[in-house]
file start-v8.csv (CSV, C-alpha atoms)
chain,number,residue,atom,x,y,z
A,1,MET,CA,46.6,6.4,68.6
A,2,LYS,CA,46.7,7.3,72.3
A,3,PHE,CA,49.1,5.4,74.6
A,4,ASN,CA,48.0,6.5,78.0
A,5,ASN,CA,46.7,3.0,79.0
A,6,GLU,CA,49.5,1.1,77.3
A,7,ARG,CA,52.1,-1.1,79.0
A,8,LEU,CA,55.1,-1.7,76.7
A,9,LEU,CA,57.4,-4.6,77.2
A,10,ILE,CA,60.6,-4.5,75.2
A,11,ILE,CA,62.5,-7.8,74.9
A,12,ALA,CA,66.1,-6.9,74.1
A,13,PRO,CA,68.9,-9.4,73.4
A,14,HIS,CA,71.4,-6.9,74.8
A,15,ALA,CA,71.2,-3.4,76.5
A,16,ASP,CA,71.1,-0.7,73.8
A,17,ASP,CA,68.9,-2.7,71.4
A,18,GLU,CA,65.9,-1.0,73.1
A,19,ILE,CA,67.0,2.3,71.5
A,20,GLY,CA,65.3,0.9,68.3
A,21,CYS,CA,62.1,1.6,70.2
A,22,SER,CA,63.0,4.9,71.9
A,23,GLY,CA,60.5,6.9,69.8
A,24,LEU,CA,57.7,4.5,70.8
A,25,ILE,CA,58.9,4.7,74.4
A,26,ASN,CA,58.8,8.5,74.3
A,27,LYS,CA,55.2,8.5,73.0
A,28,ILE,CA,54.0,6.1,75.6
A,29,LYS,CA,55.6,7.9,78.5
A,30,LYS,CA,54.4,11.3,77.3
A,31,ASP,CA,50.8,9.9,77.3
A,32,GLY,CA,51.2,8.4,80.8
A,33,GLY,CA,51.7,4.7,79.9
A,34,LYS,CA,54.4,2.4,81.3
A,35,VAL,CA,57.5,0.8,79.8
A,36,PHE,CA,59.5,-2.2,80.9
A,37,ILE,CA,62.7,-3.6,79.4
A,38,GLN,CA,63.8,-7.3,79.6
A,39,VAL,CA,67.5,-7.6,78.7
A,40,LEU,CA,68.4,-11.2,78.1
A,41,VAL,CA,72.1,-11.1,78.4
A,42,MET,CA,74.8,-8.6,79.5
A,43,GLY,CA,78.4,-9.5,80.0
A,44,GLY,CA,82.0,-8.5,79.5
A,45,PHE,CA,83.6,-9.2,76.2
A,46,ASN,CA,86.5,-8.1,74.0
A,47,LYS,CA,85.2,-5.6,71.4
A,48,ILE,CA,86.8,-6.0,68.0
A,49,GLY,CA,89.5,-3.3,67.5
A,50,SER,CA,88.8,-1.9,71.0
A,51,ARG,CA,89.2,-2.5,74.7
A,52,LYS,CA,87.4,-5.1,76.8
A,53,ILE,CA,83.9,-4.1,77.7
A,54,LYS,CA,83.1,-4.7,81.4
A,55,LYS,CA,79.6,-5.8,82.3
A,56,GLU,CA,79.5,-3.4,85.2
A,57,ASP,CA,80.3,-0.4,82.9
A,58,TRP,CA,77.6,-1.6,80.4
A,59,LYS,CA,75.0,-1.9,83.2
A,60,LYS,CA,75.8,1.6,84.4
A,61,GLU,CA,75.2,2.9,80.8
A,62,PHE,CA,72.0,0.9,80.6
A,63,LEU,CA,70.7,2.4,83.9
A,64,GLN,CA,71.6,5.9,82.8
A,65,ALA,CA,69.7,5.5,79.4
A,66,SER,CA,66.7,3.8,81.1
A,67,ASN,CA,66.5,6.6,83.6
A,68,PHE,CA,66.7,9.2,80.8
A,69,LEU,CA,63.9,7.4,78.9
A,70,LYS,CA,61.8,7.1,82.2
A,71,VAL,CA,61.6,3.3,82.0
A,72,ASP,CA,59.4,2.0,84.8
A,73,ASP,CA,61.2,-1.3,85.5
A,74,TYR,CA,63.7,-3.7,84.0
A,75,GLU,CA,65.4,-7.0,84.4
A,76,ILE,CA,68.7,-8.4,83.2
A,77,THR,CA,68.3,-12.2,82.8
A,78,PHE,CA,71.9,-13.3,82.5
A,79,PHE,CA,74.5,-10.9,83.9
A,80,ASP,CA,77.3,-13.2,83.0
A,81,ASP,CA,80.5,-13.0,81.0
A,82,GLU,CA,80.3,-16.7,80.0
A,83,LYS,CA,76.8,-16.4,78.5
A,84,MET,CA,77.6,-13.2,76.6
A,85,LEU,CA,77.4,-13.8,72.9
A,86,ARG,CA,76.3,-17.4,73.7
A,87,LEU,CA,72.6,-16.8,74.2
A,88,ASP,CA,71.9,-19.3,71.4
A,89,THR,CA,73.5,-22.1,73.5
A,90,ILE,CA,70.9,-21.7,76.2
A,91,PRO,CA,67.9,-24.1,75.8
A,92,LEU,CA,65.0,-22.2,74.1
A,93,ALA,CA,62.5,-23.6,76.6
A,94,ASP,CA,64.5,-22.0,79.5
A,95,ILE,CA,64.3,-18.5,77.9
A,96,ILE,CA,60.6,-19.0,77.0
A,97,ASN,CA,59.9,-19.9,80.7
A,98,ILE,CA,61.7,-16.7,81.8
A,99,LEU,CA,59.7,-14.5,79.5
A,100,GLU,CA,56.4,-16.1,80.3
A,101,LEU,CA,56.7,-16.7,84.0
A,102,LYS,CA,60.0,-16.4,85.9
A,103,SER,CA,61.1,-12.8,85.2
A,104,LYS,CA,59.9,-10.1,87.7
A,105,ILE,CA,58.5,-8.4,84.6
A,106,SER,CA,57.3,-11.5,82.8
A,107,ILE,CA,54.4,-11.5,80.4
A,108,SER,CA,52.1,-13.1,83.0
A,109,LYS,CA,53.0,-10.7,85.7
A,110,ILE,CA,52.9,-7.2,84.1
A,111,LYS,CA,50.4,-8.2,81.4
A,112,PRO,CA,51.8,-5.9,78.7
A,113,THR,CA,49.4,-4.5,76.0
A,114,ILE,CA,52.3,-4.1,73.5
A,115,VAL,CA,55.4,-6.3,73.2
A,116,ALA,CA,58.3,-5.3,71.0
A,117,ILE,CA,60.8,-8.0,70.0
A,118,PRO,CA,63.9,-8.0,67.7
A,119,THR,CA,63.4,-8.9,64.1
A,120,ILE,CA,64.6,-12.4,62.9
A,121,PHE,CA,66.2,-10.8,59.9
A,122,SER,CA,69.6,-10.4,61.6
A,123,TYR,CA,73.1,-11.7,61.3
A,124,HIS,CA,73.4,-11.9,65.1
A,125,GLN,CA,72.6,-15.3,66.6
A,126,ASP,CA,71.5,-13.7,69.9
A,127,HIS,CA,68.8,-11.6,68.1
A,128,ILE,CA,67.6,-14.7,66.3
A,129,SER,CA,67.3,-16.7,69.5
A,130,THR,CA,65.5,-13.9,71.2
A,131,PHE,CA,63.0,-13.6,68.4
A,132,LYS,CA,62.3,-17.4,68.4
A,133,ALA,CA,61.8,-17.5,72.2
A,134,SER,CA,59.7,-14.4,72.2
A,135,ILE,CA,57.3,-15.6,69.5
A,136,ALA,CA,56.9,-18.9,71.4
A,137,ALA,CA,56.3,-17.1,74.7
A,138,LEU,CA,53.7,-14.9,73.1
A,139,ARG,CA,51.8,-17.6,71.3
A,140,VAL,CA,48.1,-18.2,71.9
A,141,ARG,CA,47.4,-21.3,74.0
A,142,PRO,CA,43.7,-21.7,74.6
A,143,GLN,CA,43.9,-24.7,76.9
A,144,SER,CA,46.3,-22.9,79.3
A,145,ASN,CA,44.4,-19.5,79.2
A,146,ASN,CA,47.7,-17.7,78.9
A,147,PHE,CA,47.8,-13.9,78.8
A,148,VAL,CA,48.1,-12.6,75.2
A,149,PRO,CA,49.0,-8.9,74.5
A,150,ASN,CA,47.0,-6.9,72.0
A,151,ILE,CA,50.0,-5.9,69.9
A,152,VAL,CA,53.3,-7.7,69.1
A,153,LEU,CA,55.8,-5.9,67.0
A,154,SER,CA,59.3,-6.5,65.6
A,155,TYR,CA,61.7,-3.6,65.9
A,156,GLU,CA,64.8,-2.6,64.0
A,157,ALA,CA,68.4,-2.6,65.4
A,158,PRO,CA,71.7,-2.2,63.7
A,159,GLU,CA,72.0,-6.0,63.5
A,160,TYR,CA,69.1,-6.1,61.1
A,161,SER,CA,70.4,-7.1,57.7
A,162,SER,CA,69.4,-8.8,54.5
A,163,TRP,CA,72.7,-10.6,55.1
A,164,SER,CA,71.1,-13.3,57.3
A,165,HIS,CA,70.1,-16.9,57.0
A,166,TYR,CA,66.5,-15.8,56.9
A,167,SER,CA,66.9,-13.4,54.0
A,168,GLU,CA,65.9,-16.2,51.6
A,169,PHE,CA,62.4,-16.0,53.1
A,170,GLY,CA,62.2,-12.2,52.8
A,171,VAL,CA,63.5,-9.1,54.6
A,172,PHE,CA,62.3,-6.8,57.4
A,173,SER,CA,59.0,-5.4,56.0
A,174,PRO,CA,57.6,-2.6,58.2
A,175,ASN,CA,53.9,-2.1,58.3
A,176,PHE,CA,53.6,-0.1,61.5
A,177,TYR,CA,55.2,3.3,61.8
A,178,VAL,CA,55.6,5.7,64.7
A,179,LYS,CA,55.9,9.3,63.4
A,180,LEU,CA,58.8,11.2,65.1
A,181,ASN,CA,59.5,14.9,65.4
A,182,LYS,CA,62.9,16.6,66.0
A,183,ASN,CA,62.5,16.4,69.7
A,184,ASP,CA,62.0,12.6,69.5
A,185,ILE,CA,65.1,12.2,67.3
A,186,ASP,CA,67.2,14.4,69.7
A,187,LYS,CA,66.1,12.2,72.6
A,188,LYS,CA,66.9,9.0,70.7
A,189,ILE,CA,70.4,10.3,69.9
A,190,LYS,CA,70.9,11.4,73.6
A,191,ALA,CA,69.8,8.0,74.8
A,192,LEU,CA,72.2,6.2,72.6
A,193,LYS,CA,75.1,8.4,73.7
A,194,PHE,CA,74.9,7.0,77.2
A,195,TYR,CA,76.2,3.7,75.7
A,196,LYS,CA,79.8,5.0,75.2
A,197,SER,CA,81.1,1.4,75.2
A,198,GLN,CA,78.8,0.4,72.4
A,199,LEU,CA,79.1,3.3,70.0
A,200,ARG,CA,80.5,2.5,66.6
A,201,LYS,CA,81.0,5.0,63.8
A,202,ASN,CA,78.5,4.6,61.0
A,203,HIS,CA,76.8,1.7,62.8
A,204,ARG,CA,75.7,2.8,66.2
A,205,ASP,CA,76.0,6.6,66.2
A,206,ARG,CA,74.1,9.8,65.6
A,207,ASN,CA,74.4,9.6,61.8
A,208,SER,CA,73.1,6.0,61.7
A,209,ILE,CA,70.0,7.0,63.7
A,210,LEU,CA,69.4,10.0,61.4
A,211,ARG,CA,69.8,8.0,58.2
A,212,LEU,CA,67.4,5.2,59.3
A,213,SER,CA,64.9,7.6,60.8
A,214,LYS,CA,64.8,9.7,57.6
A,215,TYR,CA,64.6,6.7,55.4
A,216,ARG,CA,61.6,5.3,57.4
A,217,GLY,CA,60.0,8.7,57.5
A,218,ALA,CA,60.2,9.0,53.7
A,219,GLU,CA,58.3,5.8,53.4
A,220,ILE,CA,55.2,7.4,55.0
A,221,GLY,CA,55.7,11.0,53.9
A,222,THR,CA,57.1,12.5,57.0
A,223,GLU,CA,60.5,13.7,58.1
A,224,TYR,CA,61.3,11.0,60.7
A,225,ALA,CA,59.8,7.7,61.7
A,226,GLU,CA,60.4,4.5,63.6
A,227,ALA,CA,59.4,1.3,61.8
A,228,PHE,CA,58.0,-2.0,63.1
A,229,HIS,CA,56.6,-5.2,61.7
A,230,VAL,CA,53.3,-6.3,63.1
A,231,HIS,CA,52.9,-9.9,64.2
A,232,ARG,CA,49.7,-9.3,66.1
A,233,PHE,CA,47.4,-6.3,66.3
A,234,TYR,CA,43.9,-5.9,67.6
A,235,LEU,CA,42.1,-3.2,69.6
call {"tool": "encode", "arguments": {"input": "start-v8.csv", "output": "structure tokens"}}
result
Amino acid sequence: MKFNNERLLIIAPHADDEIGCSGLINKIKKDGGKVFIQVLVMGGFNKIGSRKIKKEDWKKEFLQASNFLKVDDYEITFFDDEKMLRLDTIPLADIINILELKSKISISKIKPTIVAIPTIFSYHQDHISTFKASIAALRVRPQSNNFVPNIVLSYEAPEYSSWSHYSEFGVFSPNFYVKLNKNDIDKKIKALKFYKSQLRKNHRDRNSILRLSKYRGAEIGTEYAEAFHVHRFYL
């Protein structure tokens, strides 16, 4: 699959969730395509067992990682301490409207060919809310003639877990893989390292990336891979 004409929009609950798509980002940028990241919320909060994270520091890390990955544009919807970890309290209709129309990189404005959204199989309420709003924003509505991207994928993040409310309906089941090489993995690890405030041993670190990438690679008979679940796919 060639990515030279693709426009990827990543919808991320928080900055650093997009690292789950960094292999796909790398493929698209190498082929000459474009990448956009919509971060829904970023704010200061007290990290368990650590210091308080300041939203300004987090934004700096995000910009460094985005520049390293050669992201074309981004938007942070809520840059707000009060809304941090409370995305699920914001009316779903408001988030849908932002994704569809109001954001400077909204679906209607940039007309992405691929949209990557977080999986619903998560224990994190912000990821679940983001998934629900994204699916609604990307639905087909014939009467309104809304723009519909060719490909809609769910991506993995450390918050994916079978320990979630939705695990009774199944688990994350990848059916779309991006084959990665050693350079792709090195770049993925370097991109994550910019997020010093978010690194957590055995959860968000070099080893966790290697473990998951090797596991997904083994599923398709290659050394490394990134895995996604397809919600829509047509060419």
call {"tool": "closest_residue", "arguments": {"input": "start-v8.csv", "among": "A:Ile95, A:Ala133, A:Val178, A:Leu138", "to": "Phe3 in chain A", "atoms": "all atoms listed in the file"}}
result
A:Val178
call {"tool": "residues_near_point", "arguments": {"input": "start-v8.csv", "point": "(60.3, -18.2, 69.9)", "cutoff": "12 Å", "atoms": "all atoms listed in the file", "output": "VMD selection string"}}
result
chain A and resid 11 88 91 to 97 99 to 100 117 to 120 127 to 139
call {"tool": "closest_residue", "arguments": {"input": "start-v8.csv", "among": "A:Val71, A:Leu8, A:Ile107, A:Met84", "to": "Gly44 in chain A", "atoms": "only C-alpha atoms"}}
result
A:Met84
call {"tool": "residues_around", "arguments": {"input": "start-v8.csv", "residues": "range 185-202 of chain A", "least_positions_apart": "2", "cutoff": "6 Å", "atoms": "all atoms listed in the file", "output": "JSON, numbers by chain"}}
result
{"A": [22, 61, 65, 182, 183, 204, 205, 206, 208]}
call {"tool": "residues_around", "arguments": {"input": "start-v8.csv", "residues": "Gly33 in chain A", "least_positions_apart": "3", "cutoff": "6 Å", "atoms": "all atoms listed in the file", "output": "JSON, numbers by chain"}}
result
{"A": [3, 4, 5, 6, 7, 28, 29]}
call {"tool": "atom_distance", "arguments": {"input": "start-v8.csv", "atom1": "CA of Ser66 in chain A", "atom2": "CA of Phe36 in chain A"}}
result
9.4 Å
call {"tool": "atom_distance", "arguments": {"input": "start-v8.csv", "atom1": "CA of Tyr215 in chain A", "atom2": "CA of Leu24 in chain A"}}
result
17.0 Å
call {"tool": "atom_distance", "arguments": {"input": "start-v8.csv", "atom1": "CA of Gly43 in chain A", "atom2": "CA of Lys83 in chain A"}}
result
7.2 Å
call {"tool": "closest_residue", "arguments": {"input": "start-v8.csv", "among": "A:Trp58, A:Tyr155, A:Tyr74, A:Phe79", "to": "Val41 in chain A", "atoms": "all atoms listed in the file"}}
result
A:Phe79
call {"tool": "residues_near_point", "arguments": {"input": "start-v8.csv", "point": "(47.2, -9.8, 67.5)", "cutoff": "8 Å", "atoms": "all atoms listed in the file", "output": "CSV table (one decimal) with C-alpha atoms, in the coordinates of the input"}}
result
chain,number,residue,atom,x,y,z
A,149,PRO,CA,49.0,-8.9,74.5
A,150,ASN,CA,47.0,-6.9,72.0
A,151,ILE,CA,50.0,-5.9,69.9
A,152,VAL,CA,53.3,-7.7,69.1
A,231,HIS,CA,52.9,-9.9,64.2
A,232,ARG,CA,49.7,-9.3,66.1
A,233,PHE,CA,47.4,-6.3,66.3
A,234,TYR,CA,43.9,-5.9,67.6
call {"tool": "residues_around", "arguments": {"input": "start-v8.csv", "residues": "Asn46 in chain A", "least_positions_apart": "4", "cutoff": "12 Å", "atoms": "only C-alpha atoms", "output": "PyMOL selection string"}}
result
chain A and resi 50-55+81+84-85+197-198
call {"tool": "closest_residue", "arguments": {"input": "start-v8.csv", "among": "A:Ile19, A:Pro13, A:Leu153, A:Asn146", "to": "Arg86 in chain A", "atoms": "all atoms listed in the file"}}
result
A:Pro13
call {"tool": "axis_aligned_box", "arguments": {"input": "start-v8.csv", "around": "range 197-204 of chain A", "padding_each_side": "3 Å", "output": "AutoDock Vina command-line options"}}
result
--center_x 78.4 --center_y 2.7 --center_z 68.1 --size_x 11.4 --size_y 10.6 --size_z 20.2
call {"tool": "build_atoms", "arguments": {"input": "start-v8.csv", "residues": "range 149-160 of chain A", "atoms": "all heavy atoms", "output": "tab-separated table (two decimals), in the coordinates of the input"}}
result
chain	number	residue	atom	x	y	z
A	149	PRO	N	49.08	-10.38	74.72
A	149	PRO	CA	49.00	-8.90	74.50
A	149	PRO	C	48.31	-8.59	73.20
A	149	PRO	O	48.30	-9.38	72.26
A	149	PRO	CB	50.50	-8.53	74.44
A	149	PRO	CG	51.21	-9.76	74.01
A	149	PRO	CD	50.45	-10.91	74.61
A	150	ASN	N	47.74	-7.39	73.16
A	150	ASN	CA	47.00	-6.90	72.00
A	150	ASN	C	47.92	-6.77	70.76
A	150	ASN	O	47.53	-7.03	69.63
A	150	ASN	CB	46.33	-5.60	72.23
A	150	ASN	CG	45.32	-5.66	73.35
A	150	ASN	OD1	45.19	-6.66	74.04
A	150	ASN	ND2	44.60	-4.57	73.54
A	151	ILE	N	49.13	-6.27	71.02
A	151	ILE	CA	50.00	-5.90	69.90
A	151	ILE	C	51.41	-6.52	70.12
A	151	ILE	O	51.99	-6.41	71.20
A	151	ILE	CB	50.17	-4.35	69.83
A	151	ILE	CG1	48.80	-3.69	69.63
A	151	ILE	CG2	51.12	-3.95	68.70
A	151	ILE	CD1	48.82	-2.17	69.72
A	152	VAL	N	51.90	-7.19	69.09
A	152	VAL	CA	53.30	-7.70	69.10
A	152	VAL	C	53.96	-7.21	67.85
A	152	VAL	O	53.47	-7.38	66.72
A	152	VAL	CB	53.27	-9.28	69.09
A	152	VAL	CG1	54.71	-9.80	69.06
A	152	VAL	CG2	52.53	-9.83	70.32
A	153	LEU	N	55.11	-6.56	68.06
A	153	LEU	CA	55.80	-5.90	67.00
A	153	LEU	C	57.30	-6.35	66.96
A	153	LEU	O	57.89	-6.61	68.01
A	153	LEU	CB	55.84	-4.38	67.15
A	153	LEU	CG	54.51	-3.67	67.39
A	153	LEU	CD1	54.79	-2.24	67.85
A	153	LEU	CD2	53.67	-3.69	66.12
A	154	SER	N	57.88	-6.43	65.77
A	154	SER	CA	59.30	-6.50	65.60
A	154	SER	C	59.91	-5.16	65.41
A	154	SER	O	59.34	-4.36	64.67
A	154	SER	CB	59.72	-7.43	64.45
A	154	SER	OG	59.62	-8.79	64.76
A	155	TYR	N	61.04	-4.88	66.05
A	155	TYR	CA	61.70	-3.60	65.90
A	155	TYR	C	63.05	-3.75	65.18
A	155	TYR	O	63.61	-4.84	65.13
A	155	TYR	CB	61.88	-2.87	67.22
A	155	TYR	CG	62.71	-3.62	68.24
A	155	TYR	CD1	64.09	-3.51	68.29
A	155	TYR	CD2	62.09	-4.44	69.20
A	155	TYR	CE1	64.85	-4.19	69.24
A	155	TYR	CE2	62.82	-5.13	70.16
A	155	TYR	CZ	64.21	-5.00	70.16
A	155	TYR	OH	64.94	-5.68	71.10
A	156	GLU	N	63.55	-2.63	64.67
A	156	GLU	CA	64.80	-2.60	64.00
A	156	GLU	C	65.97	-2.34	64.97
A	156	GLU	O	65.81	-1.61	65.93
A	156	GLU	CB	64.87	-1.57	62.89
A	156	GLU	CG	64.01	-1.88	61.70
A	156	GLU	CD	64.21	-0.87	60.58
A	156	GLU	OE1	63.69	0.25	60.71
A	156	GLU	OE2	64.87	-1.21	59.59
A	157	ALA	N	67.12	-2.90	64.67
A	157	ALA	CA	68.40	-2.60	65.40
A	157	ALA	C	69.48	-2.64	64.36
A	157	ALA	O	69.27	-3.16	63.25
A	157	ALA	CB	68.60	-3.59	66.51
A	158	PRO	N	70.66	-2.13	64.68
A	158	PRO	CA	71.70	-2.20	63.70
A	158	PRO	C	72.07	-3.55	63.16
A	158	PRO	O	72.60	-3.69	62.07
A	158	PRO	CB	72.94	-1.57	64.47
A	158	PRO	CG	72.30	-0.66	65.45
A	158	PRO	CD	71.04	-1.37	65.88
A	159	GLU	N	71.74	-4.59	63.95
A	159	GLU	CA	72.00	-6.00	63.50
A	159	GLU	C	71.03	-6.47	62.48
A	159	GLU	O	71.16	-7.57	61.98
A	159	GLU	CB	72.09	-6.92	64.69
A	159	GLU	CG	73.36	-6.82	65.51
A	159	GLU	CD	73.38	-5.58	66.39
A	159	GLU	OE1	72.32	-4.97	66.61
A	159	GLU	OE2	74.46	-5.21	66.87
A	160	TYR	N	69.97	-5.67	62.20
A	160	TYR	CA	69.10	-6.10	61.10
A	160	TYR	C	69.86	-6.03	59.81
A	160	TYR	O	70.60	-5.09	59.54
A	160	TYR	CB	67.87	-5.12	60.98
A	160	TYR	CG	67.29	-5.13	59.58
A	160	TYR	CD1	66.67	-6.29	59.11
A	160	TYR	CD2	67.45	-4.07	58.73
A	160	TYR	CE1	66.21	-6.35	57.81
A	160	TYR	CE2	66.99	-4.12	57.42
A	160	TYR	CZ	66.36	-5.27	56.97
A	160	TYR	OH	65.91	-5.34	55.68
